[in-house]
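Beneath this line is the structure, given in C-alpha coordinates, with notes to follow.
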Amino acid sequence: MNAEQNKPTRREETAGLIEYSTENLVPFGPIHPALKEPEYFKLILEGERIVEVIPRIGYVHRGLEKAAEMRPWVQNMYMFERTCGICSFVHSLCYGQAVEGLTMFQVPRRAKYIRLIIAELERIHSHLLWVGLMGHWAGFETLFMWKWSDREIVLDLVEAISGNRVHKSMNAFCGVRRDMPEGMEDRIVERMKHITDRAHYYRQIIDTEETMLVRTENVGNKVDQETAQKLCAVGPMARYVGLRQDVRLTDPYAAYDEVPFDIVTRNEGDVRALLRLRLDEIVVSANMISYAVEHLPEGPIRVKIPPVIPAGEHSSHCEAPRGEIFYYVRSGGGRIPERVKSRQPTLANIPIALELLKGQTLADVPVVLTAIDPCFGCMDRMSFLDTDTNRQWTWSGEQLRLYGIKHYFPERFKE
Amino acid sequence: MIPEMFRAMLEKPKTEAYPYKPIELTQRFRGKLDIDPAKCTGCQVCALVCPAGVITLIDMGTRKVGDRELPVKRPLFDLSSCIFCGECVDNCAFSALEMTKQFELATPNKEDLMMRKAVK
(Lines give C-alpha, C1' and ligand atoms only; values in the text may rest on other atoms or scores of the structure.)
Protein backbone atom coordinates (compact mmCIF):
# COMPACT_ATOMS: atom_id res chain seq x y z
CA MET A 1 0.00 0.00 0.00
CA ASN A 2 1.49 3.30 -1.05
CA ALA A 3 1.93 5.56 1.97
CA GLU A 4 1.33 8.60 -0.25
CA GLN A 5 -2.24 7.49 -1.05
CA ASN A 6 -3.04 6.97 2.61
CA LYS A 7 -1.79 10.38 3.66
CA PRO A 8 -4.11 11.70 6.37
CA THR A 9 -6.40 14.45 5.15
CA ARG A 10 -6.31 17.92 6.55
CA ARG A 11 -9.42 17.21 8.59
CA GLU A 12 -7.89 14.24 10.27
CA GLU A 13 -4.72 16.19 10.91
CA THR A 14 -6.59 18.97 12.60
CA ALA A 15 -8.39 16.41 14.71
CA GLY A 16 -5.08 15.81 16.41
CA LEU A 17 -4.18 12.55 14.75
CA ILE A 18 -0.96 13.61 13.08
CA GLU A 19 1.13 11.11 14.97
CA TYR A 20 -0.47 7.91 13.79
CA SER A 21 1.23 5.84 11.18
CA THR A 22 -0.93 5.01 8.21
CA GLU A 23 0.65 1.61 7.93
CA ASN A 24 -1.40 0.51 10.94
CA LEU A 25 -4.70 1.48 9.39
CA VAL A 26 -7.18 -1.36 8.99
CA PRO A 27 -10.32 -0.41 7.11
CA PHE A 28 -13.45 -1.93 8.58
CA GLY A 29 -16.12 -1.65 5.96
CA PRO A 30 -17.89 -0.20 4.20
CA ILE A 31 -18.93 -3.71 3.18
CA HIS A 32 -18.13 -6.17 5.94
CA PRO A 33 -19.79 -9.41 7.03
CA ALA A 34 -20.14 -8.06 10.55
CA LEU A 35 -22.12 -5.02 9.47
CA LYS A 36 -25.69 -5.29 8.28
CA GLU A 37 -25.47 -1.93 6.57
CA PRO A 38 -22.35 -0.30 5.14
CA GLU A 39 -20.41 2.18 7.20
CA TYR A 40 -16.73 2.84 7.08
CA PHE A 41 -14.61 2.69 10.22
CA LYS A 42 -10.89 3.33 9.91
CA LEU A 43 -9.22 1.43 12.73
CA ILE A 44 -5.74 2.54 13.74
CA LEU A 45 -3.97 -0.24 15.52
CA GLU A 46 -1.01 -0.51 17.80
CA GLY A 47 -0.16 -4.21 17.49
CA GLU A 48 -3.51 -5.87 18.08
CA ARG A 49 -5.05 -3.07 20.10
CA ILE A 50 -7.14 -0.32 18.62
CA VAL A 51 -5.88 3.15 19.35
CA GLU A 52 -8.22 5.36 17.36
CA VAL A 53 -11.32 4.93 15.22
CA ILE A 54 -12.31 7.36 12.50
CA PRO A 55 -15.83 6.80 11.20
CA ARG A 56 -17.26 7.83 7.93
CA ILE A 57 -21.01 7.66 7.45
CA GLY A 58 -23.34 8.34 4.56
CA TYR A 59 -23.21 5.15 2.55
CA VAL A 60 -26.92 4.38 2.76
CA HIS A 61 -28.30 7.89 2.76
CA ARG A 62 -31.71 7.80 1.14
CA GLY A 63 -32.88 11.38 1.34
CA LEU A 64 -36.07 10.57 3.25
CA GLU A 65 -36.36 14.01 4.79
CA LYS A 66 -36.34 15.59 1.35
CA ALA A 67 -38.76 13.01 -0.03
CA ALA A 68 -41.12 13.81 2.83
CA GLU A 69 -41.41 17.38 1.61
CA MET A 70 -43.03 16.18 -1.60
CA ARG A 71 -45.66 13.82 -0.25
CA PRO A 72 -48.96 14.33 1.56
CA TRP A 73 -49.04 13.79 5.30
CA VAL A 74 -50.55 10.31 5.26
CA GLN A 75 -48.18 9.02 2.62
CA ASN A 76 -45.25 10.19 4.73
CA MET A 77 -46.41 7.95 7.54
CA TYR A 78 -45.90 4.92 5.34
CA MET A 79 -42.59 6.20 4.08
CA PHE A 80 -41.20 6.79 7.55
CA GLU A 81 -42.44 3.41 8.62
CA ARG A 82 -40.04 2.01 6.06
CA THR A 83 -37.02 3.82 7.49
CA CYS A 84 -36.18 0.69 9.40
CA GLY A 85 -37.53 -2.81 9.44
CA ILE A 86 -36.90 -3.52 13.08
CA CYS A 87 -38.19 -0.31 14.63
CA SER A 88 -40.77 0.55 11.99
CA PHE A 89 -43.78 1.05 14.27
CA VAL A 90 -41.99 3.50 16.53
CA HIS A 91 -41.01 5.65 13.55
CA SER A 92 -44.59 5.97 12.38
CA LEU A 93 -45.70 6.51 15.98
CA CYS A 94 -43.27 9.36 16.55
CA TYR A 95 -44.13 11.02 13.23
CA GLY A 96 -47.83 10.58 13.98
CA GLN A 97 -47.45 12.15 17.41
CA ALA A 98 -45.52 15.09 15.99
CA VAL A 99 -48.29 15.77 13.46
CA GLU A 100 -51.11 15.19 15.97
CA GLY A 101 -49.62 17.92 18.10
CA LEU A 102 -50.36 20.39 15.33
CA THR A 103 -54.03 19.46 15.17
CA MET A 104 -56.53 19.97 17.92
CA PHE A 105 -57.68 16.34 18.07
CA GLN A 106 -56.93 13.95 20.91
CA VAL A 107 -55.98 10.31 20.60
CA PRO A 108 -58.63 7.97 22.09
CA ARG A 109 -57.55 6.02 25.15
CA ARG A 110 -58.02 2.62 23.61
CA ALA A 111 -55.78 3.62 20.71
CA LYS A 112 -53.05 4.65 23.16
CA TYR A 113 -53.15 1.24 24.80
CA ILE A 114 -53.02 -0.57 21.48
CA ARG A 115 -50.08 1.61 20.44
CA LEU A 116 -48.29 0.64 23.64
CA ILE A 117 -48.93 -3.05 23.06
CA ILE A 118 -47.56 -2.97 19.52
CA ALA A 119 -44.58 -0.80 20.52
CA GLU A 120 -43.62 -3.17 23.29
CA LEU A 121 -44.06 -6.21 21.04
CA GLU A 122 -41.65 -4.49 18.69
CA ARG A 123 -39.20 -3.90 21.50
CA ILE A 124 -39.29 -7.57 22.43
CA HIS A 125 -38.72 -8.69 18.86
CA SER A 126 -35.86 -6.23 18.40
CA HIS A 127 -34.09 -7.31 21.58
CA LEU A 128 -34.54 -11.00 20.78
CA LEU A 129 -33.05 -10.35 17.35
CA TRP A 130 -30.13 -8.51 18.90
CA VAL A 131 -29.29 -11.16 21.48
CA GLY A 132 -29.34 -13.69 18.66
CA LEU A 133 -26.91 -11.54 16.69
CA MET A 134 -24.58 -11.31 19.67
CA GLY A 135 -24.61 -15.08 19.88
CA HIS A 136 -23.85 -15.19 16.16
CA TRP A 137 -20.83 -12.90 16.40
CA ALA A 138 -19.60 -14.68 19.50
CA GLY A 139 -19.58 -17.90 17.53
CA PHE A 140 -22.55 -19.36 19.40
CA GLU A 141 -24.73 -20.04 16.39
CA THR A 142 -27.16 -22.20 18.36
CA LEU A 143 -28.17 -19.27 20.54
CA PHE A 144 -28.87 -17.30 17.37
CA MET A 145 -31.21 -19.99 16.07
CA TRP A 146 -33.06 -20.43 19.36
CA LYS A 147 -33.53 -16.73 19.86
CA TRP A 148 -34.90 -16.24 16.40
CA SER A 149 -37.29 -19.12 16.84
CA ASP A 150 -38.63 -17.38 19.95
CA ARG A 151 -38.86 -14.22 17.91
CA GLU A 152 -41.23 -16.07 15.59
CA ILE A 153 -43.72 -16.23 18.47
CA VAL A 154 -43.74 -12.45 18.67
CA LEU A 155 -43.97 -12.05 14.91
CA ASP A 156 -46.93 -14.43 14.77
CA LEU A 157 -48.71 -12.32 17.38
CA VAL A 158 -47.99 -9.17 15.41
CA GLU A 159 -49.24 -10.81 12.23
CA ALA A 160 -52.46 -11.85 13.94
CA ILE A 161 -53.07 -8.28 15.12
CA SER A 162 -51.93 -6.24 12.15
CA GLY A 163 -51.72 -8.55 9.15
CA ASN A 164 -48.03 -8.11 8.56
CA ARG A 165 -44.90 -9.23 10.38
CA VAL A 166 -42.58 -6.31 9.85
CA HIS A 167 -44.21 -3.16 8.49
CA LYS A 168 -47.27 -3.21 10.65
CA SER A 169 -49.18 -0.21 9.17
CA MET A 170 -51.15 0.04 12.40
CA ASN A 171 -50.73 3.74 13.00
CA ALA A 172 -52.98 6.46 11.73
CA PHE A 173 -53.23 10.07 12.74
CA CYS A 174 -55.11 10.25 16.04
CA GLY A 175 -55.59 6.54 16.45
CA VAL A 176 -54.79 3.10 15.17
CA ARG A 177 -56.16 1.53 12.03
CA ARG A 178 -57.23 -1.85 13.37
CA ASP A 179 -58.64 -3.04 16.64
CA MET A 180 -57.46 -6.03 18.62
CA PRO A 181 -59.02 -9.21 17.22
CA GLU A 182 -61.44 -11.29 19.29
CA GLY A 183 -59.82 -13.74 21.64
CA MET A 184 -56.36 -12.24 21.35
CA GLU A 185 -56.09 -11.34 25.01
CA ASP A 186 -55.66 -14.86 26.37
CA ARG A 187 -53.31 -15.82 23.61
CA ILE A 188 -51.11 -12.76 24.21
CA VAL A 189 -50.93 -13.33 27.97
CA GLU A 190 -49.99 -16.98 27.49
CA ARG A 191 -47.33 -16.19 24.89
CA MET A 192 -45.86 -13.43 27.06
CA LYS A 193 -45.51 -15.90 29.91
CA HIS A 194 -43.61 -18.19 27.55
CA ILE A 195 -41.33 -15.36 26.39
CA THR A 196 -40.58 -14.40 30.00
CA ASP A 197 -39.58 -17.97 30.82
CA ARG A 198 -37.32 -18.11 27.78
CA ALA A 199 -35.74 -14.75 28.65
CA HIS A 200 -34.91 -16.04 32.15
CA TYR A 201 -33.40 -19.13 30.60
CA TYR A 202 -31.23 -17.12 28.22
CA ARG A 203 -30.13 -14.93 31.09
CA GLN A 204 -28.86 -18.04 32.75
CA ILE A 205 -27.06 -19.09 29.56
CA ILE A 206 -25.13 -15.84 29.17
CA ASP A 207 -24.09 -16.00 32.81
CA THR A 208 -22.80 -19.55 32.71
CA GLU A 209 -21.89 -20.54 29.16
CA GLU A 210 -18.17 -20.37 28.57
CA THR A 211 -18.49 -19.16 24.95
CA MET A 212 -20.56 -16.13 25.86
CA LEU A 213 -18.49 -15.33 28.94
CA VAL A 214 -15.23 -15.32 27.07
CA ARG A 215 -16.54 -13.16 24.25
CA THR A 216 -18.54 -10.65 26.26
CA GLU A 217 -17.12 -10.30 29.76
CA ASN A 218 -14.90 -7.25 30.12
CA VAL A 219 -15.15 -6.61 26.42
CA GLY A 220 -15.65 -3.00 25.49
CA ASN A 221 -13.82 -0.09 26.99
CA LYS A 222 -15.44 0.75 30.31
CA VAL A 223 -17.01 4.19 30.27
CA ASP A 224 -18.34 6.05 33.27
CA GLN A 225 -21.59 7.95 33.53
CA GLU A 226 -20.04 11.33 32.91
CA THR A 227 -18.39 10.21 29.67
CA ALA A 228 -21.58 8.56 28.47
CA GLN A 229 -23.54 11.71 29.11
CA LYS A 230 -20.93 13.90 27.45
CA LEU A 231 -20.95 11.64 24.39
CA CYS A 232 -24.77 11.90 24.23
CA ALA A 233 -25.49 8.20 24.56
CA VAL A 234 -29.16 7.30 24.36
CA GLY A 235 -31.22 4.25 25.19
CA PRO A 236 -29.54 1.11 26.42
CA MET A 237 -26.12 2.69 25.92
CA ALA A 238 -26.93 5.21 28.64
CA ARG A 239 -28.76 2.76 30.88
CA TYR A 240 -26.00 0.20 30.96
CA VAL A 241 -23.68 2.61 32.82
CA GLY A 242 -26.36 3.47 35.33
CA LEU A 243 -28.04 6.57 33.90
CA ARG A 244 -31.81 6.49 34.40
CA GLN A 245 -32.56 7.77 30.94
CA ASP A 246 -35.71 6.54 29.25
CA VAL A 247 -38.26 8.63 27.38
CA ARG A 248 -41.07 6.36 28.54
CA LEU A 249 -40.32 7.40 32.11
CA THR A 250 -39.26 11.01 31.76
CA ASP A 251 -41.79 12.15 29.15
CA PRO A 252 -44.54 9.54 28.85
CA TYR A 253 -46.38 9.24 25.57
CA ALA A 254 -49.09 6.78 24.44
CA ALA A 255 -50.30 4.96 27.58
CA TYR A 256 -46.97 4.82 29.43
CA ASP A 257 -48.25 7.04 32.21
CA GLU A 258 -51.01 4.54 33.01
CA VAL A 259 -49.17 1.23 32.76
CA PRO A 260 -46.80 0.61 35.69
CA PHE A 261 -43.25 -0.36 34.85
CA ASP A 262 -39.71 0.30 35.93
CA ILE A 263 -36.71 0.71 33.68
CA VAL A 264 -33.66 -1.49 33.85
CA THR A 265 -30.20 -0.11 34.53
CA ARG A 266 -26.88 -1.82 35.03
CA ASN A 267 -23.47 -0.53 36.01
CA GLU A 268 -20.86 -3.07 34.98
CA GLY A 269 -20.01 -1.25 31.78
CA ASP A 270 -19.09 -4.14 29.49
CA VAL A 271 -20.89 -5.93 26.67
CA ARG A 272 -22.22 -8.58 29.05
CA ALA A 273 -24.05 -5.84 30.96
CA LEU A 274 -25.76 -4.89 27.71
CA LEU A 275 -26.84 -8.49 27.19
CA ARG A 276 -28.31 -8.68 30.67
CA LEU A 277 -29.96 -5.29 30.28
CA ARG A 278 -31.72 -6.14 27.05
CA LEU A 279 -32.87 -9.52 28.33
CA ASP A 280 -34.29 -7.86 31.45
CA GLU A 281 -36.01 -5.30 29.25
CA ILE A 282 -37.73 -8.16 27.44
CA VAL A 283 -39.21 -9.32 30.74
CA VAL A 284 -40.34 -5.78 31.62
CA SER A 285 -41.97 -5.37 28.21
CA ALA A 286 -43.74 -8.71 28.46
CA ASN A 287 -45.22 -7.69 31.83
CA MET A 288 -46.33 -4.35 30.40
CA ILE A 289 -48.08 -6.06 27.51
CA SER A 290 -49.91 -8.47 29.82
CA TYR A 291 -51.04 -5.58 32.01
CA ALA A 292 -52.16 -3.46 29.06
CA VAL A 293 -54.07 -6.33 27.47
CA GLU A 294 -55.93 -7.06 30.69
CA HIS A 295 -56.78 -3.40 31.30
CA LEU A 296 -57.65 -2.43 27.74
CA PRO A 297 -60.31 0.33 27.93
CA GLU A 298 -63.40 0.37 25.75
CA GLY A 299 -64.01 3.07 23.21
CA PRO A 300 -63.21 4.22 19.70
CA ILE A 301 -59.85 3.50 18.16
CA ARG A 302 -59.57 6.38 15.77
CA VAL A 303 -60.57 9.98 15.16
CA LYS A 304 -60.63 10.91 11.47
CA ILE A 305 -58.83 14.15 10.79
CA PRO A 306 -58.90 16.31 7.67
CA PRO A 307 -56.01 16.00 5.20
CA VAL A 308 -54.94 19.60 5.72
CA ILE A 309 -52.83 20.10 8.83
CA PRO A 310 -52.80 23.59 10.40
CA ALA A 311 -49.65 25.69 10.22
CA GLY A 312 -47.09 25.46 12.97
CA GLU A 313 -44.25 23.31 14.17
CA HIS A 314 -44.16 20.46 16.62
CA SER A 315 -41.79 17.78 17.73
CA SER A 316 -42.10 14.46 19.47
CA HIS A 317 -39.77 11.84 20.89
CA CYS A 318 -40.22 8.16 21.63
CA GLU A 319 -38.21 5.34 23.09
CA ALA A 320 -37.31 2.99 20.26
CA PRO A 321 -35.61 -0.32 21.05
CA ARG A 322 -32.30 1.36 20.27
CA GLY A 323 -32.75 4.64 22.07
CA GLU A 324 -34.49 7.94 21.68
CA ILE A 325 -36.12 8.80 18.36
CA PHE A 326 -36.86 12.44 17.69
CA TYR A 327 -39.13 13.89 15.00
CA TYR A 328 -39.67 17.53 14.15
CA VAL A 329 -42.44 18.57 11.80
CA ARG A 330 -43.21 21.97 10.32
CA SER A 331 -46.42 22.68 8.48
CA GLY A 332 -47.29 25.63 6.29
CA GLY A 333 -50.99 24.87 6.53
CA GLY A 334 -51.15 22.70 3.42
CA ARG A 335 -51.44 19.11 2.34
CA ILE A 336 -47.71 18.44 2.38
CA PRO A 337 -45.20 19.21 5.13
CA GLU A 338 -42.63 21.96 4.84
CA ARG A 339 -39.95 20.17 6.80
CA VAL A 340 -39.66 16.86 8.57
CA LYS A 341 -36.57 16.05 10.54
CA SER A 342 -35.99 12.63 11.99
CA ARG A 343 -33.08 11.84 14.23
CA GLN A 344 -32.46 8.18 14.88
CA PRO A 345 -30.79 6.79 18.00
CA THR A 346 -27.87 5.12 16.26
CA LEU A 347 -26.59 8.52 15.15
CA ALA A 348 -26.40 9.55 18.80
CA ASN A 349 -24.73 6.29 19.75
CA ILE A 350 -21.86 6.47 17.28
CA PRO A 351 -19.57 8.61 19.50
CA ILE A 352 -19.91 6.19 22.39
CA ALA A 353 -19.33 3.28 20.02
CA LEU A 354 -16.01 4.82 19.04
CA GLU A 355 -15.14 5.22 22.70
CA LEU A 356 -15.98 1.59 23.41
CA LEU A 357 -13.67 0.37 20.69
CA LYS A 358 -10.52 1.95 22.11
CA GLY A 359 -8.18 -0.56 23.64
CA GLN A 360 -9.99 -3.58 22.24
CA THR A 361 -8.44 -6.15 19.99
CA LEU A 362 -9.28 -6.37 16.32
CA ALA A 363 -11.22 -9.58 16.87
CA ASP A 364 -13.63 -7.84 19.23
CA VAL A 365 -14.70 -5.19 16.75
CA PRO A 366 -17.79 -7.03 15.40
CA VAL A 367 -18.98 -7.81 18.92
CA VAL A 368 -18.54 -4.26 20.19
CA LEU A 369 -20.05 -2.62 17.12
CA THR A 370 -23.07 -4.91 17.32
CA ALA A 371 -23.35 -4.16 21.04
CA ILE A 372 -24.62 -0.64 20.36
CA ASP A 373 -27.41 -2.23 18.25
CA PRO A 374 -26.58 -0.29 15.13
CA CYS A 375 -29.10 0.55 12.48
CA PHE A 376 -27.09 2.56 10.01
CA GLY A 377 -29.83 2.51 7.42
CA CYS A 378 -31.97 4.68 9.66
CA MET A 379 -29.37 7.12 10.73
CA ASP A 380 -27.41 8.19 7.71
CA ARG A 381 -26.69 11.80 7.09
CA MET A 382 -24.84 13.66 4.41
CA SER A 383 -22.84 16.82 4.84
CA PHE A 384 -20.24 18.60 2.80
CA LEU A 385 -16.62 19.12 3.82
CA ASP A 386 -14.08 21.11 1.95
CA THR A 387 -10.84 19.44 2.95
CA ASP A 388 -8.65 22.33 1.83
CA THR A 389 -10.31 25.05 3.85
CA ASN A 390 -11.83 22.72 6.49
CA ARG A 391 -15.22 24.31 6.02
CA GLN A 392 -18.20 22.10 6.78
CA TRP A 393 -21.76 22.84 5.79
CA THR A 394 -25.07 21.26 4.86
CA TRP A 395 -27.12 22.13 1.83
CA SER A 396 -30.82 22.49 1.43
CA GLY A 397 -32.57 20.57 -1.31
CA GLU A 398 -32.81 23.65 -3.48
CA GLN A 399 -29.06 24.31 -3.25
CA LEU A 400 -28.32 20.71 -4.15
CA ARG A 401 -30.56 20.94 -7.17
CA LEU A 402 -28.87 24.15 -8.33
CA TYR A 403 -25.45 22.57 -7.85
CA GLY A 404 -26.47 19.71 -10.09
CA ILE A 405 -27.76 22.05 -12.79
CA LYS A 406 -24.63 24.21 -12.58
CA HIS A 407 -22.44 21.13 -12.95
CA TYR A 408 -24.13 19.71 -16.00
CA PHE A 409 -25.37 22.84 -17.72
CA PRO A 410 -22.91 25.61 -16.88
CA GLU A 411 -24.15 27.74 -19.76
CA ARG A 412 -27.45 28.26 -17.95
CA PHE A 413 -25.71 30.11 -15.16
CA LYS A 414 -24.42 33.06 -17.09
CA GLU A 415 -26.26 35.63 -15.07
CA MET B 1 -28.07 -26.43 27.95
CA ILE B 2 -28.24 -30.22 28.26
CA PRO B 3 -32.04 -30.43 28.84
CA GLU B 4 -32.50 -27.99 25.97
CA MET B 5 -30.40 -30.21 23.71
CA PHE B 6 -32.47 -33.27 24.53
CA ARG B 7 -35.64 -31.34 23.96
CA ALA B 8 -34.37 -30.16 20.57
CA MET B 9 -33.49 -33.71 19.57
CA LEU B 10 -36.97 -34.98 20.33
CA GLU B 11 -38.92 -32.14 18.74
CA LYS B 12 -39.53 -31.94 15.04
CA PRO B 13 -37.73 -29.17 13.12
CA LYS B 14 -39.20 -25.71 13.30
CA THR B 15 -38.72 -25.11 9.59
CA GLU B 16 -41.97 -24.48 7.75
CA ALA B 17 -42.62 -27.06 5.04
CA TYR B 18 -43.60 -24.36 2.53
CA PRO B 19 -43.90 -24.71 -0.52
CA TYR B 20 -44.60 -28.41 -0.10
CA LYS B 21 -47.38 -27.68 2.36
CA PRO B 22 -49.60 -24.60 2.29
CA ILE B 23 -48.69 -21.90 4.74
CA GLU B 24 -51.13 -20.78 7.42
CA LEU B 25 -52.24 -17.21 7.02
CA THR B 26 -53.91 -15.09 9.67
CA GLN B 27 -57.33 -13.65 9.12
CA ARG B 28 -55.99 -10.12 8.71
CA PHE B 29 -53.28 -11.00 6.22
CA ARG B 30 -53.03 -8.44 3.45
CA GLY B 31 -52.43 -9.97 0.05
CA LYS B 32 -53.21 -8.95 -3.50
CA LEU B 33 -55.80 -6.23 -4.02
CA ASP B 34 -59.14 -6.97 -5.65
CA ILE B 35 -61.84 -4.61 -6.90
CA ASP B 36 -65.56 -5.07 -7.44
CA PRO B 37 -66.19 -2.98 -10.57
CA ALA B 38 -69.94 -2.77 -9.93
CA LYS B 39 -69.41 -0.81 -6.71
CA CYS B 40 -66.71 1.58 -7.94
CA THR B 41 -67.97 5.09 -8.71
CA GLY B 42 -64.69 6.73 -9.74
CA CYS B 43 -64.48 9.08 -6.75
CA GLN B 44 -60.61 9.05 -6.92
CA VAL B 45 -60.09 8.84 -3.15
CA CYS B 46 -58.07 5.62 -3.47
CA ALA B 47 -55.67 7.30 -5.90
CA LEU B 48 -55.22 10.28 -3.58
CA VAL B 49 -54.36 8.23 -0.50
CA CYS B 50 -52.17 5.56 -2.08
CA PRO B 51 -48.59 6.07 -0.78
CA ALA B 52 -47.01 4.13 -3.61
CA GLY B 53 -48.67 5.63 -6.68
CA VAL B 54 -50.33 2.39 -7.72
CA ILE B 55 -53.63 3.83 -8.94
CA THR B 56 -54.12 5.89 -12.08
CA LEU B 57 -57.54 7.06 -13.19
CA ILE B 58 -58.54 6.52 -16.78
CA ASP B 59 -61.18 8.58 -18.58
CA MET B 60 -64.07 6.38 -19.56
CA GLY B 61 -66.25 8.98 -21.20
CA THR B 62 -68.86 11.30 -19.76
CA ARG B 63 -72.30 11.03 -18.29
CA LYS B 64 -75.15 13.44 -18.28
CA VAL B 65 -76.32 14.82 -14.93
CA GLY B 66 -79.14 17.30 -15.47
CA ASP B 67 -77.73 19.82 -17.97
CA ARG B 68 -74.07 19.06 -17.28
CA GLU B 69 -71.66 16.56 -18.80
CA LEU B 70 -69.54 15.07 -16.02
CA PRO B 71 -66.41 12.97 -16.66
CA VAL B 72 -66.45 9.30 -15.72
CA LYS B 73 -63.16 7.87 -14.48
CA ARG B 74 -62.22 4.40 -13.39
CA PRO B 75 -59.04 3.20 -11.63
CA LEU B 76 -56.24 1.24 -13.22
CA PHE B 77 -54.01 -0.61 -10.73
CA ASP B 78 -50.31 -1.26 -11.26
CA LEU B 79 -49.92 -3.78 -8.45
CA SER B 80 -46.18 -4.20 -8.93
CA SER B 81 -45.74 -1.02 -6.85
CA CYS B 82 -48.26 -1.94 -4.19
CA ILE B 83 -46.96 -1.91 -0.62
CA PHE B 84 -50.05 -3.71 0.78
CA CYS B 85 -50.81 -1.03 3.34
CA GLY B 86 -54.57 -1.17 2.82
CA GLU B 87 -55.16 2.59 2.78
CA CYS B 88 -57.24 2.35 -0.39
CA VAL B 89 -59.40 -0.37 1.18
CA ASP B 90 -59.97 1.66 4.34
CA ASN B 91 -60.80 4.88 2.50
CA CYS B 92 -63.14 3.48 -0.17
CA ALA B 93 -66.59 4.72 0.84
CA PHE B 94 -68.31 2.18 -1.40
CA SER B 95 -66.45 -0.94 -0.17
CA ALA B 96 -65.34 -1.74 -3.67
CA LEU B 97 -61.82 -2.83 -2.71
CA GLU B 98 -60.61 -5.70 -0.62
CA MET B 99 -57.33 -7.46 0.06
CA THR B 100 -57.32 -11.14 -0.78
CA LYS B 101 -55.08 -13.81 0.72
CA GLN B 102 -53.08 -14.30 -2.46
CA PHE B 103 -49.41 -13.56 -1.89
CA GLU B 104 -47.53 -15.62 -4.46
CA LEU B 105 -47.28 -12.77 -6.91
CA ALA B 106 -43.83 -13.18 -8.43
CA THR B 107 -44.08 -13.20 -12.19
CA PRO B 108 -41.78 -12.46 -15.12
CA ASN B 109 -44.64 -10.76 -16.91
CA LYS B 110 -45.65 -7.30 -15.68
CA GLU B 111 -49.05 -7.55 -17.32
CA ASP B 112 -50.07 -10.17 -14.73
CA LEU B 113 -49.90 -7.48 -12.06
CA MET B 114 -51.94 -4.87 -13.88
CA MET B 115 -55.51 -5.01 -12.65
CA ARG B 116 -57.78 -3.77 -15.41
CA LYS B 117 -61.09 -5.09 -14.13
CA ALA B 118 -62.57 -1.65 -13.58
CA VAL B 119 -61.48 -0.11 -16.87
CA LYS B 120 -62.76 -2.73 -19.27
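Simple scheme: letters A, B, ... for chains in C-alpha coordinates order, numbers from 1 for residues in each chain, numbers from 1 for ligands in the order shown.
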Review point. Counting only C-alpha atoms, which residues of chain B come no farther than 6 Å from chain A, as a PyMOL selection string?
Key: chain B and resi 26+28-30+51
**Study point:** Close residues, Val308 (chain A) itself excluded, 7 Å, only C-alpha atoms, min 2 positions apart in chain, as number ranges by chain
**Key:** A: 306, 310, 333-335
I need the residues from that last selection saved to file as a PDB file, in the first residue's frame (with N, CA and C atoms), if you can.
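And here is the file that came out, part-v8.pdb:
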ATOM      1  N   PRO A 306     -58.949  15.861   9.058  1.00  0.00           N
ATOM      2  CA  PRO A 306     -58.904  16.312   7.666  1.00  0.00           C
ATOM      3  C   PRO A 306     -57.486  16.236   7.112  1.00  0.00           C
ATOM      4  N   PRO A 310     -53.020  22.160  10.172  1.00  0.00           N
ATOM      5  CA  PRO A 310     -52.801  23.588  10.401  1.00  0.00           C
ATOM      6  C   PRO A 310     -51.324  23.951  10.474  1.00  0.00           C
ATOM      7  N   GLY A 333     -49.542  24.801   6.650  1.00  0.00           N
ATOM      8  CA  GLY A 333     -50.986  24.868   6.525  1.00  0.00           C
ATOM      9  C   GLY A 333     -51.525  24.170   5.299  1.00  0.00           C
ATOM     10  N   GLY A 334     -50.714  23.316   4.665  1.00  0.00           N
ATOM     11  CA  GLY A 334     -51.151  22.701   3.419  1.00  0.00           C
ATOM     12  C   GLY A 334     -51.296  21.201   3.531  1.00  0.00           C
ATOM     13  N   ARG A 335     -51.286  20.555   2.376  1.00  0.00           N
ATOM     14  CA  ARG A 335     -51.444  19.113   2.335  1.00  0.00           C
ATOM     15  C   ARG A 335     -50.127  18.382   2.436  1.00  0.00           C
TER      16      ARG A 335
END
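A straight line drawn from CA of His194 (chain A) to CA of Ala138 (chain A) is 25.6 Å long.
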**Study point:** Within 7 Å of Glu281 (chain A) using only C-alpha atoms, minus same-chain residues under 4 positions, as JSON, numbers by chain
**Key:** {"A": [264, 277, 285]}
Write the residues of the selection above to a file with C-alpha atoms, as a PDB file, in the first residue's frame.
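File written: out.pdb
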ATOM      1  CA  VAL A 264     -33.663  -1.486  33.855  1.00  0.00           C
ATOM      2  CA  LEU A 277     -29.961  -5.289  30.283  1.00  0.00           C
ATOM      3  CA  SER A 285     -41.971  -5.372  28.208  1.00  0.00           C
TER       4      SER A 285
END
Practice item. Find the spatial neighbours of Leu79 (chain B), counting only C-alpha atoms, within a cut-off of 10 Å - ignore same-chain residues fewer than 2 positions away - and output them as a ChimeraX atom specification. Key: /B:32-33,52-55,76-77,81-84,105,110-115
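Backbone DSSP of region 42-93 of chain A yields alpha helix (DSSP H) at A:Leu64, A:Glu65, A:Lys66, A:Ala67, A:Ala68, A:Trp73, A:Val74, A:Gln75, A:Asn76, A:Met77, A:Tyr78, A:Met79, A:Phe80, A:Glu81, A:Ser88, A:Phe89, A:Val90, A:His91, A:Ser92, A:Leu93.
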Practice item. Once DSSP has gone over the backbone, tell me which residues of region 18-63 of chain B are in strand (DSSP E or B), as JSON, numbers by chain. Key: {"B": [33, 34, 35, 55, 56, 57, 58, 59, 60, 61, 62, 63]}
Practice item. Rank nothing, just name the residue among A:Phe376, A:Pro410, A:Pro337, A:Ile153 nearest to Ile124 (chain A), using only C-alpha atoms. Key: A:Ile153
**Study point:** Residues near Lys117 (chain B), cut-off 12 Å, only C-alpha atoms, skip fewer than 2 positions along chain, as a list in words
**Key:** Leu33, Asp34, Ile35, Asp36, Pro37, Ala38, Lys39, Cys40, Arg74, Pro75, Leu76, Phe77, Asp78, Ala96, Leu97, Leu113, Met114, Met115, Val119 and Lys120 of chain B
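With only C-alpha atoms as the atoms that count, the residue of A:Ser316, A:Asn218, A:Asn24, A:Gln97 with the shortest distance to Val53 (chain A) is A:Asn24.
The environment of Val45 (chain B) within 8 Å, counting only C-alpha atoms and disregarding residues fewer than 5 places along the same chain, consists of Cys88, Asn91 and Cys92 of chain B.
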